[in-house]
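Working notes, structure below.
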Amino acid sequence: MFNAKHGYAEAYVRGCQMKRLRKQQYAELARCETLEDVKSYLQATNVYCSSLQHIQNPVQPANIIFGCRKSLVSEFKSCCEQAAMPLSKFLEYLTYGHMIDSLILALSGMLRCRQTEEILEKCNPLGIFESLSAVVISQDIHELYRLVLVDTPLAKYLNGKVTAQDLNELNVELVRNIMYKVENQLQFKPKLNLEAGISTGFSQVLQFP
(Lines give C-alpha, C1' and ligand atoms only; values in the text may rest on other atoms or scores of the structure.)
Protein backbone atom coordinates (compact mmCIF):
# COMPACT_ATOMS: atom_id res chain seq x y z
CA MET A 1 0.00 0.00 0.00
CA PHE A 2 2.81 2.41 0.88
CA ASN A 3 4.59 1.88 -2.44
CA ALA A 4 1.38 2.34 -4.40
CA LYS A 5 0.58 5.64 -2.69
CA HIS A 6 3.95 7.12 -1.75
CA GLY A 7 6.58 5.05 -3.54
CA TYR A 8 7.24 7.42 -6.44
CA ALA A 9 7.36 10.51 -4.22
CA GLU A 10 9.83 8.82 -1.86
CA ALA A 11 12.04 7.73 -4.75
CA TYR A 12 11.97 11.26 -6.18
CA VAL A 13 13.00 12.81 -2.85
CA ARG A 14 15.79 10.27 -2.42
CA GLY A 15 17.02 11.15 -5.91
CA CYS A 16 17.02 14.86 -5.07
CA GLN A 17 18.92 14.16 -1.86
CA MET A 18 21.58 12.21 -3.73
CA LYS A 19 22.20 15.22 -5.97
CA ARG A 20 22.85 17.63 -3.07
CA LEU A 21 26.37 19.04 -2.74
CA ARG A 22 28.55 17.17 -0.30
CA LYS A 23 31.09 18.53 2.20
CA GLN A 24 33.98 17.99 -0.19
CA GLN A 25 32.16 19.82 -2.97
CA TYR A 26 31.50 22.80 -0.70
CA ALA A 27 35.19 22.87 0.17
CA GLU A 28 36.08 22.93 -3.53
CA LEU A 29 33.47 25.61 -4.15
CA ALA A 30 35.04 27.77 -1.42
CA ARG A 31 38.31 27.74 -3.34
CA CYS A 32 36.78 29.41 -6.39
CA GLU A 33 38.35 32.81 -6.96
CA THR A 34 35.70 34.45 -9.13
CA LEU A 35 31.95 34.27 -9.64
CA GLU A 36 32.62 32.84 -13.09
CA ASP A 37 34.48 29.98 -11.40
CA VAL A 38 31.52 29.44 -9.04
CA LYS A 39 29.14 29.34 -11.98
CA SER A 40 31.34 26.87 -13.90
CA TYR A 41 31.68 24.59 -10.88
CA LEU A 42 27.95 24.52 -10.17
CA GLN A 43 27.19 23.92 -13.84
CA ALA A 44 29.25 20.77 -13.65
CA THR A 45 26.89 19.33 -11.01
CA ASN A 46 23.67 17.42 -11.67
CA VAL A 47 21.60 19.92 -9.70
CA TYR A 48 22.31 23.33 -11.16
CA CYS A 49 23.59 22.70 -14.69
CA SER A 50 20.39 23.65 -16.53
CA SER A 51 19.40 26.55 -14.26
CA LEU A 52 22.75 28.35 -14.63
CA GLN A 53 23.54 27.78 -18.30
CA HIS A 54 21.80 30.96 -19.50
CA ILE A 55 23.71 33.32 -17.17
CA GLN A 56 25.89 35.70 -19.17
CA ASN A 57 29.16 37.31 -18.10
CA PRO A 58 29.83 39.33 -16.05
CA VAL A 59 28.21 37.06 -13.47
CA GLN A 60 26.45 38.73 -10.54
CA PRO A 61 25.76 37.09 -7.14
CA ALA A 62 22.03 37.63 -7.68
CA ASN A 63 22.22 35.62 -10.93
CA ILE A 64 23.69 32.59 -9.18
CA ILE A 65 21.24 32.83 -6.27
CA PHE A 66 18.31 33.07 -8.69
CA GLY A 67 19.49 30.08 -10.74
CA CYS A 68 20.12 27.86 -7.70
CA ARG A 69 16.81 28.81 -6.14
CA LYS A 70 15.00 28.16 -9.40
CA SER A 71 16.35 24.62 -9.46
CA LEU A 72 15.32 23.88 -5.87
CA VAL A 73 11.86 25.38 -6.37
CA SER A 74 11.36 23.21 -9.45
CA GLU A 75 12.21 20.12 -7.40
CA PHE A 76 9.86 21.19 -4.61
CA LYS A 77 6.96 21.75 -7.02
CA SER A 78 7.57 18.37 -8.64
CA CYS A 79 7.44 16.77 -5.21
CA CYS A 80 4.15 18.55 -4.49
CA GLU A 81 2.67 17.22 -7.73
CA GLN A 82 3.58 13.64 -6.83
CA ALA A 83 2.62 13.76 -3.14
CA ALA A 84 -0.60 12.31 -1.73
CA MET A 85 -2.37 13.31 1.49
CA PRO A 86 -1.27 14.07 4.15
CA LEU A 87 2.12 14.96 2.63
CA SER A 88 0.58 17.14 -0.08
CA LYS A 89 -1.18 19.29 2.52
CA PHE A 90 1.97 19.49 4.63
CA LEU A 91 3.98 20.73 1.62
CA GLU A 92 1.27 23.31 0.96
CA TYR A 93 1.64 24.55 4.56
CA LEU A 94 5.37 25.06 3.95
CA THR A 95 4.56 27.73 1.36
CA TYR A 96 2.18 29.79 3.52
CA GLY A 97 4.90 31.86 5.20
CA HIS A 98 6.36 32.76 1.80
CA MET A 99 2.87 33.65 0.55
CA ILE A 100 2.36 36.00 3.48
CA ASP A 101 5.66 37.75 2.79
CA SER A 102 4.80 38.03 -0.91
CA LEU A 103 1.38 39.47 -0.17
CA ILE A 104 2.88 42.07 2.17
CA LEU A 105 5.46 42.99 -0.50
CA ALA A 106 2.63 43.34 -3.01
CA LEU A 107 0.56 45.51 -0.67
CA SER A 108 3.53 47.71 0.15
CA GLY A 109 4.52 48.00 -3.50
CA MET A 110 0.99 48.87 -4.61
CA LEU A 111 0.66 51.56 -1.96
CA ARG A 112 4.02 53.03 -3.03
CA CYS A 113 3.21 52.76 -6.76
CA ARG A 114 6.08 50.39 -7.53
CA GLN A 115 6.34 48.48 -10.81
CA THR A 116 4.83 44.99 -10.89
CA GLU A 117 8.03 43.38 -12.19
CA GLU A 118 10.10 45.03 -9.46
CA ILE A 119 7.85 43.64 -6.74
CA LEU A 120 7.53 40.13 -8.13
CA GLU A 121 11.31 39.85 -8.51
CA LYS A 122 11.64 40.31 -4.75
CA CYS A 123 9.13 37.58 -3.93
CA ASN A 124 10.26 34.08 -3.03
CA PRO A 125 9.12 31.77 -5.86
CA LEU A 126 7.35 29.54 -3.33
CA GLY A 127 5.26 32.53 -2.25
CA ILE A 128 3.94 33.49 -5.68
CA PHE A 129 0.29 32.59 -6.26
CA GLU A 130 -2.11 33.17 -9.14
CA SER A 131 -3.76 36.41 -8.00
CA LEU A 132 -0.61 38.11 -6.66
CA SER A 133 -0.12 40.21 -9.79
CA ALA A 134 -3.70 41.48 -9.51
CA VAL A 135 -2.96 42.68 -5.97
CA VAL A 136 0.08 44.62 -7.22
CA ILE A 137 -1.74 46.44 -10.02
CA SER A 138 -4.91 47.16 -8.05
CA GLN A 139 -5.66 50.91 -7.82
CA ASP A 140 -8.79 50.90 -5.67
CA ILE A 141 -8.56 50.08 -1.96
CA HIS A 142 -11.94 48.27 -1.93
CA GLU A 143 -10.93 46.18 -4.95
CA LEU A 144 -7.67 45.41 -3.19
CA TYR A 145 -9.58 44.35 -0.07
CA ARG A 146 -11.73 41.99 -2.12
CA LEU A 147 -8.68 40.51 -3.82
CA VAL A 148 -6.90 39.91 -0.53
CA LEU A 149 -9.92 38.50 1.30
CA VAL A 150 -11.50 36.45 -1.47
CA ASP A 151 -9.09 35.67 -4.28
CA THR A 152 -5.90 34.67 -2.44
CA PRO A 153 -5.05 31.45 -0.60
CA LEU A 154 -4.47 33.59 2.51
CA ALA A 155 -8.02 34.90 2.79
CA LYS A 156 -8.76 32.75 5.85
CA TYR A 157 -5.99 34.51 7.77
CA LEU A 158 -7.58 37.96 7.35
CA ASN A 159 -11.32 37.44 7.12
CA GLY A 160 -12.97 39.34 9.97
CA LYS A 161 -9.64 40.59 11.30
CA VAL A 162 -8.76 43.35 8.82
CA THR A 163 -10.92 46.06 7.24
CA ALA A 164 -10.41 47.91 3.98
CA GLN A 165 -9.28 50.95 5.97
CA ASP A 166 -6.47 48.87 7.50
CA LEU A 167 -4.86 48.33 4.10
CA ASN A 168 -2.62 51.37 4.13
CA GLU A 169 1.11 51.94 4.30
CA LEU A 170 1.12 52.50 8.05
CA ASN A 171 -0.60 49.18 8.79
CA VAL A 172 1.29 46.86 6.42
CA GLU A 173 3.39 45.34 9.20
CA LEU A 174 0.30 45.04 11.39
CA VAL A 175 -1.40 43.00 8.67
CA ARG A 176 1.70 40.79 8.39
CA ASN A 177 1.72 40.16 12.15
CA ILE A 178 -1.98 39.30 12.17
CA MET A 179 -1.50 36.78 9.37
CA TYR A 180 1.49 35.14 11.03
CA LYS A 181 -0.36 34.96 14.33
CA VAL A 182 -3.31 33.18 12.75
CA GLU A 183 -0.98 30.86 10.82
CA ASN A 184 0.81 29.88 14.03
CA GLN A 185 -2.53 29.05 15.62
CA LEU A 186 -3.30 26.39 13.02
CA GLN A 187 -3.50 22.97 14.62
CA PHE A 188 -1.75 20.62 12.21
CA LYS A 189 -2.59 17.25 13.78
CA PRO A 190 -6.41 17.59 13.95
CA LYS A 191 -6.59 18.86 10.38
CA LEU A 192 -4.67 15.95 8.91
CA ASN A 193 -5.46 13.25 11.50
CA LEU A 194 -1.82 12.26 11.82
CA GLU A 195 -0.33 9.82 14.26
CA ALA A 196 1.24 11.49 17.29
CA GLY A 197 4.88 10.92 16.29
CA ILE A 198 4.38 12.05 12.70
CA SER A 199 2.38 15.08 13.80
CA THR A 200 5.18 16.16 16.15
CA GLY A 201 7.78 15.87 13.40
CA PHE A 202 5.68 17.80 10.90
CA SER A 203 4.91 20.51 13.46
CA GLN A 204 8.61 20.98 14.22
CA VAL A 205 9.36 21.51 10.54
CA LEU A 206 6.51 24.00 10.17
CA GLN A 207 7.74 26.00 13.16
CA PHE A 208 11.34 26.14 11.92
CA PRO A 209 12.29 29.81 11.21
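Residue numbering restarts at 1 in every chain; chains get A, B, ... in the order shown in the C-alpha coordinates, and ligands count up from 1 in that same order.
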Practice prompt. Determine, counting only C-alpha atoms, which protein, DNA and RNA residues have an atom within 10 Å of an atom of segment 63-75 of chain A; residues of the same chain fewer than 6 positions away are not included. Present the result as an NGL selection string.
Written response: :A and (12-13 or 16 or 35-36 or 38-39 or 42 or 47-56 or 81 or 121 or 124-126)
Worksheet item: Could you write out, as a ChimeraX atom specification, all the residues of segment 9-132 of chain A that DSSP marks as helix (DSSP H, G or I)?
Response: /A:9-19,23-30,35-43,49-52,61-82,87-111,116-122,125-127,132
Worksheet item: Using only C-alpha atoms, which of A:Thr95, A:Asn168, A:Gln60, A:Ser88 sits nearest Met110 of chain A?
Response: A:Asn168
Practice prompt. Quick one: everything within 10 Å of Val175 of chain A, counting only C-alpha atoms, minus sequence neighbours fewer than 2 positions away in the same chain. Send it as a PyMOL selection string.
Written response: chain A and resi 100+103-104+107+157-158+161-162+166-168+170-173+177-181
The selected residues should be written to file as a PDB file, in the first residue's frame (atoms: N, CA, C and O atoms).
```pdb
ATOM      1  N   ILE A 100       2.630  34.823   2.648  1.00  0.00           N
ATOM      2  CA  ILE A 100       2.358  35.996   3.484  1.00  0.00           C
ATOM      3  C   ILE A 100       3.351  37.102   3.167  1.00  0.00           C
ATOM      4  O   ILE A 100       2.979  38.268   2.977  1.00  0.00           O
ATOM      5  N   LEU A 103       2.563  38.621  -0.214  1.00  0.00           N
ATOM      6  CA  LEU A 103       1.382  39.473  -0.174  1.00  0.00           C
ATOM      7  C   LEU A 103       1.703  40.819   0.457  1.00  0.00           C
ATOM      8  O   LEU A 103       1.266  41.870  -0.027  1.00  0.00           O
ATOM      9  N   ILE A 104       2.506  40.814   1.521  1.00  0.00           N
ATOM     10  CA  ILE A 104       2.885  42.068   2.168  1.00  0.00           C
ATOM     11  C   ILE A 104       3.745  42.912   1.227  1.00  0.00           C
ATOM     12  O   ILE A 104       3.585  44.132   1.154  1.00  0.00           O
ATOM     13  N   LEU A 107       1.323  44.408  -1.262  1.00  0.00           N
ATOM     14  CA  LEU A 107       0.561  45.509  -0.667  1.00  0.00           C
ATOM     15  C   LEU A 107       1.421  46.764  -0.543  1.00  0.00           C
ATOM     16  O   LEU A 107       1.000  47.867  -0.904  1.00  0.00           O
ATOM     17  N   TYR A 157      -6.794  33.901   6.712  1.00  0.00           N
ATOM     18  CA  TYR A 157      -5.992  34.511   7.770  1.00  0.00           C
ATOM     19  C   TYR A 157      -6.433  35.941   8.080  1.00  0.00           C
ATOM     20  O   TYR A 157      -6.050  36.503   9.093  1.00  0.00           O
ATOM     21  N   LEU A 158      -7.216  36.554   7.180  1.00  0.00           N
ATOM     22  CA  LEU A 158      -7.577  37.959   7.349  1.00  0.00           C
ATOM     23  C   LEU A 158      -9.062  38.195   7.519  1.00  0.00           C
ATOM     24  O   LEU A 158      -9.472  39.242   7.999  1.00  0.00           O
ATOM     25  N   LYS A 161     -10.696  40.035  10.452  1.00  0.00           N
ATOM     26  CA  LYS A 161      -9.641  40.591  11.304  1.00  0.00           C
ATOM     27  C   LYS A 161      -9.054  41.879  10.753  1.00  0.00           C
ATOM     28  O   LYS A 161      -8.376  42.616  11.461  1.00  0.00           O
ATOM     29  N   VAL A 162      -9.297  42.160   9.467  1.00  0.00           N
ATOM     30  CA  VAL A 162      -8.757  43.350   8.818  1.00  0.00           C
ATOM     31  C   VAL A 162      -9.856  43.993   7.989  1.00  0.00           C
ATOM     32  O   VAL A 162     -10.605  43.308   7.301  1.00  0.00           O
ATOM     33  N   ASP A 166      -7.745  49.310   6.938  1.00  0.00           N
ATOM     34  CA  ASP A 166      -6.465  48.868   7.499  1.00  0.00           C
ATOM     35  C   ASP A 166      -5.399  48.691   6.431  1.00  0.00           C
ATOM     36  O   ASP A 166      -4.207  48.631   6.745  1.00  0.00           O
ATOM     37  N   LEU A 167      -5.818  48.592   5.166  1.00  0.00           N
ATOM     38  CA  LEU A 167      -4.861  48.332   4.096  1.00  0.00           C
ATOM     39  C   LEU A 167      -4.218  49.633   3.630  1.00  0.00           C
ATOM     40  O   LEU A 167      -4.481  50.151   2.559  1.00  0.00           O
ATOM     41  N   ASN A 168      -3.374  50.167   4.482  1.00  0.00           N
ATOM     42  CA  ASN A 168      -2.621  51.370   4.134  1.00  0.00           C
ATOM     43  C   ASN A 168      -1.169  51.160   4.534  1.00  0.00           C
ATOM     44  O   ASN A 168      -0.810  50.188   5.202  1.00  0.00           O
ATOM     45  N   LEU A 170       0.779  52.517   6.633  1.00  0.00           N
ATOM     46  CA  LEU A 170       1.121  52.501   8.049  1.00  0.00           C
ATOM     47  C   LEU A 170       0.818  51.158   8.708  1.00  0.00           C
ATOM     48  O   LEU A 170       1.448  50.793   9.709  1.00  0.00           O
ATOM     49  N   ASN A 171      -0.143  50.419   8.144  1.00  0.00           N
ATOM     50  CA  ASN A 171      -0.604  49.181   8.786  1.00  0.00           C
ATOM     51  C   ASN A 171      -0.092  47.907   8.121  1.00  0.00           C
ATOM     52  O   ASN A 171      -0.532  46.806   8.469  1.00  0.00           O
ATOM     53  N   VAL A 172       0.820  48.033   7.152  1.00  0.00           N
ATOM     54  CA  VAL A 172       1.286  46.861   6.424  1.00  0.00           C
ATOM     55  C   VAL A 172       1.899  45.826   7.368  1.00  0.00           C
ATOM     56  O   VAL A 172       1.598  44.634   7.298  1.00  0.00           O
ATOM     57  N   GLU A 173       2.757  46.277   8.270  1.00  0.00           N
ATOM     58  CA  GLU A 173       3.392  45.345   9.201  1.00  0.00           C
ATOM     59  C   GLU A 173       2.373  44.755  10.185  1.00  0.00           C
ATOM     60  O   GLU A 173       2.509  43.616  10.623  1.00  0.00           O
ATOM     61  N   ASN A 177       1.708  40.787  10.832  1.00  0.00           N
ATOM     62  CA  ASN A 177       1.718  40.158  12.154  1.00  0.00           C
ATOM     63  C   ASN A 177       0.426  39.406  12.436  1.00  0.00           C
ATOM     64  O   ASN A 177       0.436  38.336  13.048  1.00  0.00           O
ATOM     65  N   ILE A 178      -0.697  39.970  11.994  1.00  0.00           N
ATOM     66  CA  ILE A 178      -1.983  39.298  12.165  1.00  0.00           C
ATOM     67  C   ILE A 178      -1.997  37.970  11.415  1.00  0.00           C
ATOM     68  O   ILE A 178      -2.419  36.935  11.934  1.00  0.00           O
ATOM     69  N   MET A 179      -1.488  37.994  10.187  1.00  0.00           N
ATOM     70  CA  MET A 179      -1.499  36.781   9.369  1.00  0.00           C
ATOM     71  C   MET A 179      -0.593  35.704   9.964  1.00  0.00           C
ATOM     72  O   MET A 179      -0.950  34.526  10.010  1.00  0.00           O
ATOM     73  N   TYR A 180       0.578  36.108  10.423  1.00  0.00           N
ATOM     74  CA  TYR A 180       1.487  35.136  11.029  1.00  0.00           C
ATOM     75  C   TYR A 180       0.915  34.576  12.329  1.00  0.00           C
ATOM     76  O   TYR A 180       1.094  33.398  12.650  1.00  0.00           O
ATOM     77  N   LYS A 181       0.238  35.421  13.079  1.00  0.00           N
ATOM     78  CA  LYS A 181      -0.359  34.959  14.329  1.00  0.00           C
ATOM     79  C   LYS A 181      -1.416  33.896  14.063  1.00  0.00           C
ATOM     80  O   LYS A 181      -1.462  32.855  14.735  1.00  0.00           O
TER      81      LYS A 181
END
```
Worksheet item: Expressed in Å to a single decimal, how great is the separation between atom CA of Arg14 of chain A and atom CA of Asp37 of chain A?
Response: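 So the answer is 28.6 Å.
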Worksheet item: Which is closer to Ala44 of chain A than all the others in A:Gln82, A:Ser138, A:Gln25, A:Ser131, using only C-alpha atoms?
Response: A:Gln25
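Distances here use only C-alpha atoms; by that measure, the residue among A:Glu117, A:Ala134, A:Ala83, A:Tyr96 closest to Lys5 of chain A is A:Ala83.
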Worksheet entry | Shell of 10 Å around Ser133 of chain A, only C-alpha atoms, local chain residues under 2 positions omitted, as a PyMOL selection string | chain A and resi 103+106+116-117+119-120+128-131+135-138
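Taking atom CA of Arg176 of chain A and atom CA of Lys89 of chain A as the two end points, the separation is 22.5 Å.
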Worksheet entry | Between atom CA of Asn3 of chain A and atom CA of Cys80 of chain A, distance in Å (one decimal) |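 Separating atom CA of Asn3 of chain A from atom CA of Cys80 of chain A is a distance of 16.8 Å.
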Worksheet item: Between A:Leu21, A:Ala9, A:Val182, A:Ala4, which has the minimum distance to Leu87 of chain A (counting only C-alpha atoms)?
Response: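 Among the listed residues, A:Ala9 lies closest to Leu87 of chain A.
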Discussion item. Just checking: using only C-alpha atoms, which residue out of A:Gly7, A:Leu144, A:Ala62, A:Gln165 ends up closest to Ala84 of chain A?
Written reply: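 Closest candidate: A:Gly7.
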